[in-house]
Amino acid sequence: MTCSSPSTRTLIKAALASAAVALAGLAQAQAVFKITAIPDESPTELARKAAPLVKYLEHKLGTKVEFTPVSDYAAAVEALANKQVDMAWYGGFTFVQASIRSGGKVVPLVQREEDEKFRSVFISADPAIRALADLKGKTVSFGSQSSTSGHLMPRSYLLQAQIDPDKDFKRVAYSGAHDATIAAVASGKVDAGALNISVWEKFMADKKVDTGKVKVIFTTPAYFDYNWTVHSDMPVAQREKLTKAFLDLNRNTPEGKEILDLQRATRFIPTQASNYKGIETAARSAGLIK
């Protein structure tokens with residue numbers, strides 16, 4: 001027996017239409033562009049910095065964007081290598097680690113102009129510590145072990161100065177994040193610490209550190225650092241759209257100024273994997289990559 005009455009056909013068409021709408025809604029719900037960042041600052045600060053950027057990218061990409069926090073630097077590497085996120089904010093060293101972990105299948109798109117000549121600072125609240133040589137026999141904190149500006153490059157410049165942290169320091173500590181390093185030095189938990197110059201300058205500008213007590217004792221030479229990186233499986237057209245979104249950020253617009261200020265950037269510029277070869281060399285020399 002066939003059901004071919006007009007009313008039956010109408011019901012079938014309506015059911016099919018509803019199913020199509022439901023499937024379209026499901027597809028739209030699943031089309032979420034996920035971004036993450038190395039946790040080099042407190043979770044609340046990372047979320048604050050991400051919020052306007054997420055909103056901006058949603059408008060530029062025409063899809064929902066989510067910031068997905070991770071527990072540590074290694075998790076940020078794994079998230080992109082395994083395509084659990086679409087884009088990640090890496091330091092130079094974590095980019096190198098992600099490149100190795102993924103078999104060369106990650107692509108850095110953009111960096112801040114400041115990241116072409118990034119630097120680290122060593123700070124101390126001990127008046128007797130005035131230079132790197134004075135750190136011998138002291139307790140010194142780095143940030144995360146996978147941090148470029150909070151560990152790798154400071155360690156690299158110490159080794160160049162004939163100072164081996166593992167042999168010459170009383171104790172090596174790892175705070176986990178740049179702001180935590182400042183807190184450890186300011187409270188006297190450690191004698192000195194190494195961190196990202198950008199975070200240090202932000203703390204000074206916001207008067208969150210007593211510069212009459214905590215002072216910079218050494219500033220490293222410049223090196224390439226942070227970038228926004230995607231997996232190489234991302235279609236070229238999508239990569240180009242993302243790159244353009246970052247390059248279009250302009251301090252002359254309220255939206256652009258807010259995002260760039262939070263990202264501590266003058267502007268974003270294109271970057272490429274070869275810029276981080278020096279970071280890889282430093283990591284191998286320091287024994288952080290075997």
# chains A, B, ... in the order shown; residues from 1 in each chain; ligands from 1
>>> residues_around(residues="Ala173 of chain A", least_positions_apart="6", cutoff="12 Å", atoms="only C-alpha atoms", output="ChimeraX atom specification")
/A:138-145,150-151,165-166,180-181,184-185,189-194
>>> residues_around(residues="Phe95 of chain A", least_positions_apart="5", cutoff="9 Å", atoms="only C-alpha atoms", output="list of chain:residue names")
A:Val77, A:Trp89, A:Tyr90, A:Ile100, A:Val106, A:Val107, A:Pro108, A:Tyr226, A:Asn227, A:Thr229, A:Ala273, A:Tyr276
>>> select_by_dssp(residues="segment 108-264 of chain A", states="helix (DSSP H, G or I)", output="PDB file with N, CA and C atoms, in the first residue's frame")
ATOM      1  N   GLU A 113      55.480  42.983  15.345  1.00  0.00           N
ATOM      2  CA  GLU A 113      56.691  43.659  14.895  1.00  0.00           C
ATOM      3  C   GLU A 113      57.781  43.544  15.966  1.00  0.00           C
ATOM      4  N   GLU A 114      57.358  43.597  17.234  1.00  0.00           N
ATOM      5  CA  GLU A 114      58.287  43.503  18.359  1.00  0.00           C
ATOM      6  C   GLU A 114      59.015  42.158  18.405  1.00  0.00           C
ATOM      7  N   ASP A 115      58.401  41.113  17.827  1.00  0.00           N
ATOM      8  CA  ASP A 115      58.986  39.779  17.909  1.00  0.00           C
ATOM      9  C   ASP A 115      60.169  39.574  16.970  1.00  0.00           C
ATOM     10  N   GLU A 116      60.424  40.542  16.091  1.00  0.00           N
ATOM     11  CA  GLU A 116      61.628  40.472  15.244  1.00  0.00           C
ATOM     12  C   GLU A 116      62.881  40.716  16.079  1.00  0.00           C
ATOM     13  N   LYS A 117      62.725  41.502  17.136  1.00  0.00           N
ATOM     14  CA  LYS A 117      63.869  41.854  17.985  1.00  0.00           C
ATOM     15  C   LYS A 117      63.439  41.776  19.442  1.00  0.00           C
ATOM     16  N   LEU A 132      75.408  39.363  35.537  1.00  0.00           N
ATOM     17  CA  LEU A 132      75.206  37.923  35.454  1.00  0.00           C
ATOM     18  C   LEU A 132      76.176  37.149  36.343  1.00  0.00           C
ATOM     19  N   ALA A 133      77.427  37.603  36.404  1.00  0.00           N
ATOM     20  CA  ALA A 133      78.436  36.897  37.210  1.00  0.00           C
ATOM     21  C   ALA A 133      78.051  36.838  38.686  1.00  0.00           C
ATOM     22  N   ASP A 134      77.262  37.826  39.132  1.00  0.00           N
ATOM     23  CA  ASP A 134      76.850  37.869  40.534  1.00  0.00           C
ATOM     24  C   ASP A 134      75.784  36.819  40.868  1.00  0.00           C
ATOM     25  N   LEU A 135      75.262  36.135  39.841  1.00  0.00           N
ATOM     26  CA  LEU A 135      74.233  35.127  40.072  1.00  0.00           C
ATOM     27  C   LEU A 135      74.808  33.797  40.564  1.00  0.00           C
ATOM     28  N   THR A 148      60.596  30.338  25.613  1.00  0.00           N
ATOM     29  CA  THR A 148      61.714  30.914  24.853  1.00  0.00           C
ATOM     30  C   THR A 148      62.344  32.059  25.637  1.00  0.00           C
ATOM     31  N   SER A 149      61.516  33.042  26.001  1.00  0.00           N
ATOM     32  CA  SER A 149      62.025  34.253  26.641  1.00  0.00           C
ATOM     33  C   SER A 149      62.203  34.105  28.141  1.00  0.00           C
ATOM     34  N   GLY A 150      61.572  33.061  28.730  1.00  0.00           N
ATOM     35  CA  GLY A 150      61.679  32.873  30.165  1.00  0.00           C
ATOM     36  C   GLY A 150      62.637  31.771  30.572  1.00  0.00           C
ATOM     37  N   HIS A 151      63.208  31.060  29.583  1.00  0.00           N
ATOM     38  CA  HIS A 151      64.154  30.009  29.924  1.00  0.00           C
ATOM     39  C   HIS A 151      65.225  29.796  28.856  1.00  0.00           C
ATOM     40  N   LEU A 152      64.800  29.383  27.640  1.00  0.00           N
ATOM     41  CA  LEU A 152      65.773  29.001  26.619  1.00  0.00           C
ATOM     42  C   LEU A 152      66.801  30.081  26.331  1.00  0.00           C
ATOM     43  N   MET A 153      66.339  31.281  25.940  1.00  0.00           N
ATOM     44  CA  MET A 153      67.299  32.314  25.563  1.00  0.00           C
ATOM     45  C   MET A 153      68.083  32.853  26.758  1.00  0.00           C
ATOM     46  N   PRO A 154      67.461  33.057  27.930  1.00  0.00           N
ATOM     47  CA  PRO A 154      68.275  33.428  29.091  1.00  0.00           C
ATOM     48  C   PRO A 154      69.341  32.372  29.403  1.00  0.00           C
ATOM     49  N   ARG A 155      68.975  31.098  29.338  1.00  0.00           N
ATOM     50  CA  ARG A 155      69.953  30.030  29.583  1.00  0.00           C
ATOM     51  C   ARG A 155      71.057  30.081  28.534  1.00  0.00           C
ATOM     52  N   SER A 156      70.681  30.318  27.283  1.00  0.00           N
ATOM     53  CA  SER A 156      71.650  30.364  26.198  1.00  0.00           C
ATOM     54  C   SER A 156      72.681  31.475  26.422  1.00  0.00           C
ATOM     55  N   TYR A 157      72.213  32.644  26.845  1.00  0.00           N
ATOM     56  CA  TYR A 157      73.135  33.763  27.066  1.00  0.00           C
ATOM     57  C   TYR A 157      73.973  33.567  28.334  1.00  0.00           C
ATOM     58  N   LEU A 158      73.433  32.863  29.324  1.00  0.00           N
ATOM     59  CA  LEU A 158      74.234  32.516  30.493  1.00  0.00           C
ATOM     60  C   LEU A 158      75.391  31.596  30.098  1.00  0.00           C
ATOM     61  N   LEU A 159      75.077  30.594  29.273  1.00  0.00           N
ATOM     62  CA  LEU A 159      76.115  29.657  28.825  1.00  0.00           C
ATOM     63  C   LEU A 159      77.192  30.376  28.017  1.00  0.00           C
ATOM     64  N   GLN A 160      76.754  31.359  27.190  1.00  0.00           N
ATOM     65  CA  GLN A 160      77.724  32.144  26.423  1.00  0.00           C
ATOM     66  C   GLN A 160      78.634  32.949  27.351  1.00  0.00           C
ATOM     67  N   PRO A 165      73.854  27.272  34.578  1.00  0.00           N
ATOM     68  CA  PRO A 165      72.862  27.333  35.653  1.00  0.00           C
ATOM     69  C   PRO A 165      72.831  26.083  36.526  1.00  0.00           C
ATOM     70  N   ASP A 166      72.990  24.920  35.903  1.00  0.00           N
ATOM     71  CA  ASP A 166      72.878  23.666  36.650  1.00  0.00           C
ATOM     72  C   ASP A 166      74.084  23.405  37.564  1.00  0.00           C
ATOM     73  N   LYS A 167      75.172  24.083  37.298  1.00  0.00           N
ATOM     74  CA  LYS A 167      76.371  23.896  38.116  1.00  0.00           C
ATOM     75  C   LYS A 167      76.695  25.114  38.981  1.00  0.00           C
ATOM     76  N   ASP A 168      76.411  26.305  38.437  1.00  0.00           N
ATOM     77  CA  ASP A 168      76.848  27.537  39.107  1.00  0.00           C
ATOM     78  C   ASP A 168      75.804  28.176  40.016  1.00  0.00           C
ATOM     79  N   HIS A 178      55.764  34.220  33.390  1.00  0.00           N
ATOM     80  CA  HIS A 178      56.561  35.438  33.563  1.00  0.00           C
ATOM     81  C   HIS A 178      56.115  36.254  34.779  1.00  0.00           C
ATOM     82  N   ASP A 179      54.790  36.419  34.934  1.00  0.00           N
ATOM     83  CA  ASP A 179      54.309  37.207  36.076  1.00  0.00           C
ATOM     84  C   ASP A 179      54.638  36.516  37.399  1.00  0.00           C
ATOM     85  N   ALA A 180      54.637  35.179  37.374  1.00  0.00           N
ATOM     86  CA  ALA A 180      54.989  34.434  38.582  1.00  0.00           C
ATOM     87  C   ALA A 180      56.472  34.611  38.924  1.00  0.00           C
ATOM     88  N   THR A 181      57.319  34.766  37.910  1.00  0.00           N
ATOM     89  CA  THR A 181      58.750  35.004  38.149  1.00  0.00           C
ATOM     90  C   THR A 181      58.950  36.344  38.846  1.00  0.00           C
ATOM     91  N   ILE A 182      58.249  37.366  38.376  1.00  0.00           N
ATOM     92  CA  ILE A 182      58.350  38.684  39.013  1.00  0.00           C
ATOM     93  C   ILE A 182      57.927  38.587  40.477  1.00  0.00           C
ATOM     94  N   ALA A 183      56.822  37.885  40.722  1.00  0.00           N
ATOM     95  CA  ALA A 183      56.317  37.746  42.095  1.00  0.00           C
ATOM     96  C   ALA A 183      57.329  37.026  42.989  1.00  0.00           C
ATOM     97  N   ALA A 184      57.974  35.993  42.426  1.00  0.00           N
ATOM     98  CA  ALA A 184      58.959  35.224  43.206  1.00  0.00           C
ATOM     99  C   ALA A 184      60.166  36.072  43.584  1.00  0.00           C
ATOM    100  N   VAL A 185      60.613  36.911  42.650  1.00  0.00           N
ATOM    101  CA  VAL A 185      61.751  37.798  42.926  1.00  0.00           C
ATOM    102  C   VAL A 185      61.353  38.883  43.928  1.00  0.00           C
ATOM    103  N   ALA A 186      60.199  39.500  43.701  1.00  0.00           N
ATOM    104  CA  ALA A 186      59.748  40.599  44.563  1.00  0.00           C
ATOM    105  C   ALA A 186      59.524  40.144  46.002  1.00  0.00           C
ATOM    106  N   ILE A 197      60.714  40.527  28.316  1.00  0.00           N
ATOM    107  CA  ILE A 197      60.818  41.977  28.535  1.00  0.00           C
ATOM    108  C   ILE A 197      59.467  42.667  28.408  1.00  0.00           C
ATOM    109  N   SER A 198      58.576  42.117  27.555  1.00  0.00           N
ATOM    110  CA  SER A 198      57.263  42.718  27.350  1.00  0.00           C
ATOM    111  C   SER A 198      56.429  42.683  28.623  1.00  0.00           C
ATOM    112  N   VAL A 199      56.443  41.543  29.315  1.00  0.00           N
ATOM    113  CA  VAL A 199      55.694  41.426  30.570  1.00  0.00           C
ATOM    114  C   VAL A 199      56.306  42.343  31.630  1.00  0.00           C
ATOM    115  N   TRP A 200      57.624  42.408  31.690  1.00  0.00           N
ATOM    116  CA  TRP A 200      58.295  43.291  32.641  1.00  0.00           C
ATOM    117  C   TRP A 200      57.893  44.742  32.413  1.00  0.00           C
ATOM    118  N   GLU A 201      57.912  45.187  31.164  1.00  0.00           N
ATOM    119  CA  GLU A 201      57.555  46.576  30.846  1.00  0.00           C
ATOM    120  C   GLU A 201      56.099  46.859  31.174  1.00  0.00           C
ATOM    121  N   LYS A 202      55.216  45.859  30.963  1.00  0.00           N
ATOM    122  CA  LYS A 202      53.800  46.027  31.292  1.00  0.00           C
ATOM    123  C   LYS A 202      53.626  46.164  32.800  1.00  0.00           C
ATOM    124  N   PHE A 203      54.329  45.362  33.574  1.00  0.00           N
ATOM    125  CA  PHE A 203      54.259  45.449  35.036  1.00  0.00           C
ATOM    126  C   PHE A 203      54.742  46.822  35.513  1.00  0.00           C
ATOM    127  N   MET A 204      55.812  47.339  34.902  1.00  0.00           N
ATOM    128  CA  MET A 204      56.306  48.662  35.284  1.00  0.00           C
ATOM    129  C   MET A 204      55.287  49.744  34.940  1.00  0.00           C
ATOM    130  N   ALA A 205      54.720  49.656  33.728  1.00  0.00           N
ATOM    131  CA  ALA A 205      53.749  50.668  33.291  1.00  0.00           C
ATOM    132  C   ALA A 205      52.515  50.670  34.180  1.00  0.00           C
ATOM    133  N   VAL A 236      45.085  26.780   2.021  1.00  0.00           N
ATOM    134  CA  VAL A 236      45.836  28.019   1.794  1.00  0.00           C
ATOM    135  C   VAL A 236      44.925  29.242   1.881  1.00  0.00           C
ATOM    136  N   ALA A 237      43.713  29.134   1.330  1.00  0.00           N
ATOM    137  CA  ALA A 237      42.778  30.271   1.344  1.00  0.00           C
ATOM    138  C   ALA A 237      42.442  30.689   2.770  1.00  0.00           C
ATOM    139  N   GLN A 238      42.292  29.705   3.660  1.00  0.00           N
ATOM    140  CA  GLN A 238      42.008  29.999   5.066  1.00  0.00           C
ATOM    141  C   GLN A 238      43.213  30.662   5.729  1.00  0.00           C
ATOM    142  N   ARG A 239      44.403  30.175   5.415  1.00  0.00           N
ATOM    143  CA  ARG A 239      45.627  30.778   5.957  1.00  0.00           C
ATOM    144  C   ARG A 239      45.736  32.240   5.525  1.00  0.00           C
ATOM    145  N   GLU A 240      45.449  32.483   4.251  1.00  0.00           N
ATOM    146  CA  GLU A 240      45.551  33.847   3.718  1.00  0.00           C
ATOM    147  C   GLU A 240      44.529  34.767   4.370  1.00  0.00           C
ATOM    148  N   LYS A 241      43.329  34.254   4.620  1.00  0.00           N
ATOM    149  CA  LYS A 241      42.285  35.051   5.268  1.00  0.00           C
ATOM    150  C   LYS A 241      42.705  35.420   6.697  1.00  0.00           C
ATOM    151  N   LEU A 242      43.283  34.437   7.407  1.00  0.00           N
ATOM    152  CA  LEU A 242      43.764  34.683   8.765  1.00  0.00           C
ATOM    153  C   LEU A 242      44.891  35.710   8.788  1.00  0.00           C
ATOM    154  N   THR A 243      45.847  35.510   7.897  1.00  0.00           N
ATOM    155  CA  THR A 243      46.995  36.427   7.828  1.00  0.00           C
ATOM    156  C   THR A 243      46.518  37.848   7.575  1.00  0.00           C
ATOM    157  N   LYS A 244      45.610  38.000   6.624  1.00  0.00           N
ATOM    158  CA  LYS A 244      45.087  39.332   6.294  1.00  0.00           C
ATOM    159  C   LYS A 244      44.369  39.949   7.492  1.00  0.00           C
ATOM    160  N   ALA A 245      43.639  39.125   8.253  1.00  0.00           N
ATOM    161  CA  ALA A 245      42.926  39.640   9.423  1.00  0.00           C
ATOM    162  C   ALA A 245      43.902  40.265  10.419  1.00  0.00           C
ATOM    163  N   PHE A 246      45.031  39.605  10.638  1.00  0.00           N
ATOM    164  CA  PHE A 246      46.029  40.141  11.570  1.00  0.00           C
ATOM    165  C   PHE A 246      46.739  41.368  10.991  1.00  0.00           C
ATOM    166  N   LEU A 247      47.071  41.314   9.702  1.00  0.00           N
ATOM    167  CA  LEU A 247      47.775  42.442   9.088  1.00  0.00           C
ATOM    168  C   LEU A 247      46.887  43.681   9.000  1.00  0.00           C
ATOM    169  N   PRO A 254      39.297  51.959  17.079  1.00  0.00           N
ATOM    170  CA  PRO A 254      39.142  51.542  18.481  1.00  0.00           C
ATOM    171  C   PRO A 254      39.346  50.037  18.662  1.00  0.00           C
ATOM    172  N   GLU A 255      38.776  49.249  17.744  1.00  0.00           N
ATOM    173  CA  GLU A 255      38.911  47.789  17.831  1.00  0.00           C
ATOM    174  C   GLU A 255      40.366  47.358  17.669  1.00  0.00           C
ATOM    175  N   GLY A 256      41.023  47.915  16.658  1.00  0.00           N
ATOM    176  CA  GLY A 256      42.416  47.567  16.404  1.00  0.00           C
ATOM    177  C   GLY A 256      43.320  47.972  17.552  1.00  0.00           C
ATOM    178  N   LYS A 257      43.087  49.167  18.099  1.00  0.00           N
ATOM    179  CA  LYS A 257      43.921  49.645  19.211  1.00  0.00           C
ATOM    180  C   LYS A 257      43.760  48.752  20.436  1.00  0.00           C
ATOM    181  N   GLU A 258      42.521  48.357  20.745  1.00  0.00           N
ATOM    182  CA  GLU A 258      42.279  47.510  21.911  1.00  0.00           C
ATOM    183  C   GLU A 258      43.011  46.168  21.769  1.00  0.00           C
ATOM    184  N   ILE A 259      42.877  45.546  20.602  1.00  0.00           N
ATOM    185  CA  ILE A 259      43.505  44.234  20.387  1.00  0.00           C
ATOM    186  C   ILE A 259      45.021  44.351  20.418  1.00  0.00           C
ATOM    187  N   LEU A 260      45.562  45.323  19.703  1.00  0.00           N
ATOM    188  CA  LEU A 260      47.022  45.478  19.643  1.00  0.00           C
ATOM    189  C   LEU A 260      47.600  45.826  21.018  1.00  0.00           C
ATOM    190  N   ASP A 261      46.895  46.659  21.777  1.00  0.00           N
ATOM    191  CA  ASP A 261      47.372  47.000  23.118  1.00  0.00           C
ATOM    192  C   ASP A 261      47.415  45.759  24.008  1.00  0.00           C
ATOM    193  N   LEU A 262      46.352  44.940  23.945  1.00  0.00           N
ATOM    194  CA  LEU A 262      46.306  43.742  24.767  1.00  0.00           C
ATOM    195  C   LEU A 262      47.367  42.721  24.336  1.00  0.00           C
TER     196      LEU A 262
END
>>> residues_around(residues="Thr220 of chain A", least_positions_apart="5", cutoff="7 Å", atoms="only C-alpha atoms", output="VMD selection string")
chain A and resid 119 to 121
>>> write_last_selection(atoms="C-alpha atoms", output="PDB file, in the first residue's frame")
ATOM      1  CA  ARG A 119      64.590  40.335  24.422  1.00  0.00           C
ATOM      2  CA  SER A 120      64.629  38.866  27.915  1.00  0.00           C
ATOM      3  CA  VAL A 121      65.617  40.514  31.177  1.00  0.00           C
TER       4      VAL A 121
END
>>> closest_residue(among="A:Tyr174, A:Phe67, A:Phe118, A:Phe33", to="Ser146 of chain A", atoms="only C-alpha atoms")
A:Tyr174
